[in-house]
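Quick notes on the structure that follows.
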Amino acid sequence: MDRRNYMENLVENILSDIFESYPDYENCKPYREEIIALALTKCEPFYTTSDVGHAVVKTRMDSSGFRSKVTSIVLEAIEKVKENPRA
């Protein structure tokens with residue numbers, strides 16, 4: 001198994017869910033990569049290189065409290081980019 005940061009997948013999935021659920025953020029789609037990068041700087045990375053590591057990380061990420069915390073971070077990143085978009 002290759003080295004992988006599972007936090008990247010989680011942040012991307014949460015951002016996609018937010019864009020689908022909240023039309024107010026539709027105008028932020030062009031800044032997707034910037035939002036992801038900003039959110040990832042605030043999140044703890046979860047790298048793994050084995051199937052056991054994958055299982056441990058997946059279990060932690062599946063908890064509702066953990067997902068809520070990351071969702072909050074993504075929403076903060078959206079708001080920050082929305083207020084100061086790069087030209």
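Here's how to read the names in the structure tokens: chain A, B, ... by the order shown, residue numbers from 1 in each chain, ligand numbers from 1 in the order shown.
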
Test item, helix (DSSP H, G or I) assignment across segment 22-84 of chain A, answer as a count of residues only: 51

Close residues, Glu33 of chain A itself excluded, 12 Å, only C-alpha atoms, min 6 positions apart in chain, as a VMD selection string: chain A and resid 8 11 to 12 15 to 16 39 to 40 74 77 to 78 81 85 to 86

Those selected residues, please, written with C-alpha atoms and delivered as a PDB file, in the first residue's frame.
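Dumped to again.pdb:
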```pdb
ATOM      1  CA  GLU A   8      -7.260  15.032   2.169  1.00  0.00           C
ATOM      2  CA  VAL A  11     -11.834  17.393   3.488  1.00  0.00           C
ATOM      3  CA  GLU A  12     -12.608  16.993  -0.233  1.00  0.00           C
ATOM      4  CA  LEU A  15     -16.479  20.253   0.764  1.00  0.00           C
ATOM      5  CA  SER A  16     -18.380  18.456  -2.018  1.00  0.00           C
ATOM      6  CA  ALA A  39      -8.646  23.634   5.583  1.00  0.00           C
ATOM      7  CA  LEU A  40      -5.834  21.067   5.432  1.00  0.00           C
ATOM      8  CA  VAL A  74     -13.944  23.458   6.144  1.00  0.00           C
ATOM      9  CA  ALA A  77     -12.016  27.994   5.242  1.00  0.00           C
ATOM     10  CA  ILE A  78     -14.936  28.662   2.877  1.00  0.00           C
ATOM     11  CA  VAL A  81     -11.788  32.447   1.041  1.00  0.00           C
ATOM     12  CA  PRO A  85     -10.830  35.444  -2.877  1.00  0.00           C
ATOM     13  CA  ARG A  86      -7.655  35.340  -4.933  1.00  0.00           C
TER      14      ARG A  86
END
```

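Contact shell of Leu75 of chain A at 12 Å (only C-alpha atoms; same-chain neighbours under 2 positions omitted): Val11, Ile14, Leu15, Ser16, Asp17, Ile18, Phe19, Tyr22, Tyr25, Cys28, Ile35, Ile36, Leu38, Ala39, Lys42, Ser68, Lys69, Val70, Thr71, Ser72, Ile73, Ala77, Ile78, Glu79, Lys80, Val81 and Lys82 of chain A.
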
For the residues selected in the previous step, produce a file with C-alpha atoms as a PDB file, in the first residue's frame.
```pdb
ATOM      1  CA  VAL A  11     -11.834  17.393   3.488  1.00  0.00           C
ATOM      2  CA  ILE A  14     -17.004  17.314   3.114  1.00  0.00           C
ATOM      3  CA  LEU A  15     -16.479  20.253   0.764  1.00  0.00           C
ATOM      4  CA  SER A  16     -18.380  18.456  -2.018  1.00  0.00           C
ATOM      5  CA  ASP A  17     -21.239  17.743   0.400  1.00  0.00           C
ATOM      6  CA  ILE A  18     -21.349  21.402   1.454  1.00  0.00           C
ATOM      7  CA  PHE A  19     -21.416  22.638  -2.146  1.00  0.00           C
ATOM      8  CA  TYR A  22     -25.810  24.899   0.408  1.00  0.00           C
ATOM      9  CA  TYR A  25     -21.587  28.660  -1.499  1.00  0.00           C
ATOM     10  CA  CYS A  28     -16.938  29.556  -4.087  1.00  0.00           C
ATOM     11  CA  ILE A  35     -10.392  26.139   0.297  1.00  0.00           C
ATOM     12  CA  ILE A  36      -9.038  22.584   0.524  1.00  0.00           C
ATOM     13  CA  LEU A  38      -6.546  26.252   3.782  1.00  0.00           C
ATOM     14  CA  ALA A  39      -8.646  23.634   5.583  1.00  0.00           C
ATOM     15  CA  LYS A  42      -5.816  23.518  10.100  1.00  0.00           C
ATOM     16  CA  SER A  68     -18.199  17.584  12.778  1.00  0.00           C
ATOM     17  CA  LYS A  69     -14.889  19.132  13.794  1.00  0.00           C
ATOM     18  CA  VAL A  70     -13.492  18.810  10.270  1.00  0.00           C
ATOM     19  CA  THR A  71     -16.743  20.178   8.792  1.00  0.00           C
ATOM     20  CA  SER A  72     -16.383  23.229  11.019  1.00  0.00           C
ATOM     21  CA  ILE A  73     -12.824  23.743   9.782  1.00  0.00           C
ATOM     22  CA  ALA A  77     -12.016  27.994   5.242  1.00  0.00           C
ATOM     23  CA  ILE A  78     -14.936  28.662   2.877  1.00  0.00           C
ATOM     24  CA  GLU A  79     -15.835  31.847   4.736  1.00  0.00           C
ATOM     25  CA  LYS A  80     -12.237  33.064   4.779  1.00  0.00           C
ATOM     26  CA  VAL A  81     -11.788  32.447   1.041  1.00  0.00           C
ATOM     27  CA  LYS A  82     -15.210  33.958   0.335  1.00  0.00           C
TER      28      LYS A  82
END
```

Asp62 of chain A environment, 10 Å, only C-alpha atoms, sequence neighbours closer than 5 positions dropped, as a list in words: Leu10, Val57 and Arg67 of chain A

Take the residues that were just selected and, keeping N, CA and C atoms, output them as an mmCIF file, in the first residue's frame.
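For reference, part-v3.cif as written:
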```
data_model
loop_
_atom_site.group_PDB
_atom_site.id
_atom_site.type_symbol
_atom_site.label_atom_id
_atom_site.label_comp_id
_atom_site.auth_asym_id
_atom_site.auth_seq_id
_atom_site.Cartn_x
_atom_site.Cartn_y
_atom_site.Cartn_z
ATOM 1 N N LEU A 10 -11.119 13.211 3.218
ATOM 2 C CA LEU A 10 -12.227 13.642 4.065
ATOM 3 C C LEU A 10 -12.581 15.100 3.804
ATOM 4 N N VAL A 57 -7.298 4.570 11.058
ATOM 5 C CA VAL A 57 -7.646 5.929 10.641
ATOM 6 C C VAL A 57 -9.112 6.003 10.250
ATOM 7 N N ARG A 67 -15.906 14.081 12.421
ATOM 8 C CA ARG A 67 -16.402 14.639 11.152
ATOM 9 C C ARG A 67 -16.975 16.041 11.365
#
```

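Put simply, atom CA of Asp2 of chain A is 5.5 Å away from atom CA of Thr49 of chain A.
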
Compile the contact shell of Tyr47 of chain A as a JSON list (two decimals) with N, CA and C atoms, in the first residue's frame: residues with an atom at most 12 Å away, counting only C-alpha atoms, same-chain residues fewer than 5 positions apart removed.
```json
[["chain", "number", "residue", "atom", "x", "y", "z"],
["A", 1, "MET", "N", 0.84, -1.18, 0.00],
["A", 1, "MET", "CA", 0.00, 0.00, 0.00],
["A", 1, "MET", "C", 0.89, 1.25, 0.00],
["A", 2, "ASP", "N", 0.51, 2.23, -0.76],
["A", 2, "ASP", "CA", 1.26, 3.48, -0.83],
["A", 2, "ASP", "C", 0.95, 4.38, 0.36],
["A", 3, "ARG", "N", 1.81, 5.35, 0.56],
["A", 3, "ARG", "CA", 1.58, 6.37, 1.59],
["A", 3, "ARG", "C", 0.37, 7.20, 1.16],
["A", 4, "ARG", "N", -0.48, 7.49, 2.15],
["A", 4, "ARG", "CA", -1.70, 8.21, 1.82],
["A", 4, "ARG", "C", -2.15, 9.05, 3.01],
["A", 5, "ASN", "N", -2.59, 10.28, 2.73],
["A", 5, "ASN", "CA", -3.14, 11.16, 3.77],
["A", 5, "ASN", "C", -4.66, 11.13, 3.65],
["A", 6, "TYR", "N", -5.30, 10.43, 4.55],
["A", 6, "TYR", "CA", -6.75, 10.27, 4.50],
["A", 6, "TYR", "C", -7.50, 11.56, 4.81],
["A", 7, "MET", "N", -6.85, 12.50, 5.46],
["A", 7, "MET", "CA", -7.50, 13.77, 5.75],
["A", 7, "MET", "C", -7.83, 14.51, 4.46],
["A", 8, "GLU", "N", -6.99, 14.38, 3.45],
["A", 8, "GLU", "CA", -7.26, 15.03, 2.17],
["A", 8, "GLU", "C", -8.58, 14.55, 1.59],
["A", 9, "ASN", "N", -8.81, 13.25, 1.62],
["A", 9, "ASN", "CA", -10.06, 12.70, 1.11],
["A", 9, "ASN", "C", -11.26, 13.19, 1.91],
["A", 52, "VAL", "N", -3.62, -2.08, 8.20],
["A", 52, "VAL", "CA", -3.96, -1.89, 9.61],
["A", 52, "VAL", "C", -4.08, -0.40, 9.91],
["A", 53, "GLY", "N", -3.14, 0.38, 9.43],
["A", 53, "GLY", "CA", -3.20, 1.83, 9.61],
["A", 53, "GLY", "C", -4.45, 2.41, 8.98],
["A", 54, "HIS", "N", -4.82, 1.91, 7.81],
["A", 54, "HIS", "CA", -6.04, 2.36, 7.14],
["A", 54, "HIS", "C", -7.26, 2.10, 8.04],
["A", 55, "ALA", "N", -7.35, 0.93, 8.61],
["A", 55, "ALA", "CA", -8.49, 0.58, 9.46],
["A", 55, "ALA", "C", -8.57, 1.48, 10.69],
["A", 56, "VAL", "N", -7.43, 1.75, 11.30],
["A", 56, "VAL", "CA", -7.40, 2.61, 12.49],
["A", 56, "VAL", "C", -7.84, 4.03, 12.13],
["A", 57, "VAL", "N", -7.30, 4.57, 11.06],
["A", 57, "VAL", "CA", -7.65, 5.93, 10.64],
["A", 57, "VAL", "C", -9.11, 6.00, 10.25],
["A", 58, "LYS", "N", -9.60, 5.03, 9.50],
["A", 58, "LYS", "CA", -10.99, 5.03, 9.06],
["A", 58, "LYS", "C", -11.93, 4.99, 10.25]]
```

Expected answer as a PyMOL selection string: strand (DSSP E or B) residues in chain A: chain A and resi 4-5+47-48

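In this model, the gap between atom CA of Thr59 of chain A and atom CA of Phe46 of chain A comes to 11.9 Å.
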
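Computed from the coordinates, the atom CA of Asp24 of chain A to atom CA of Gly65 of chain A distance equals 24.8 Å.
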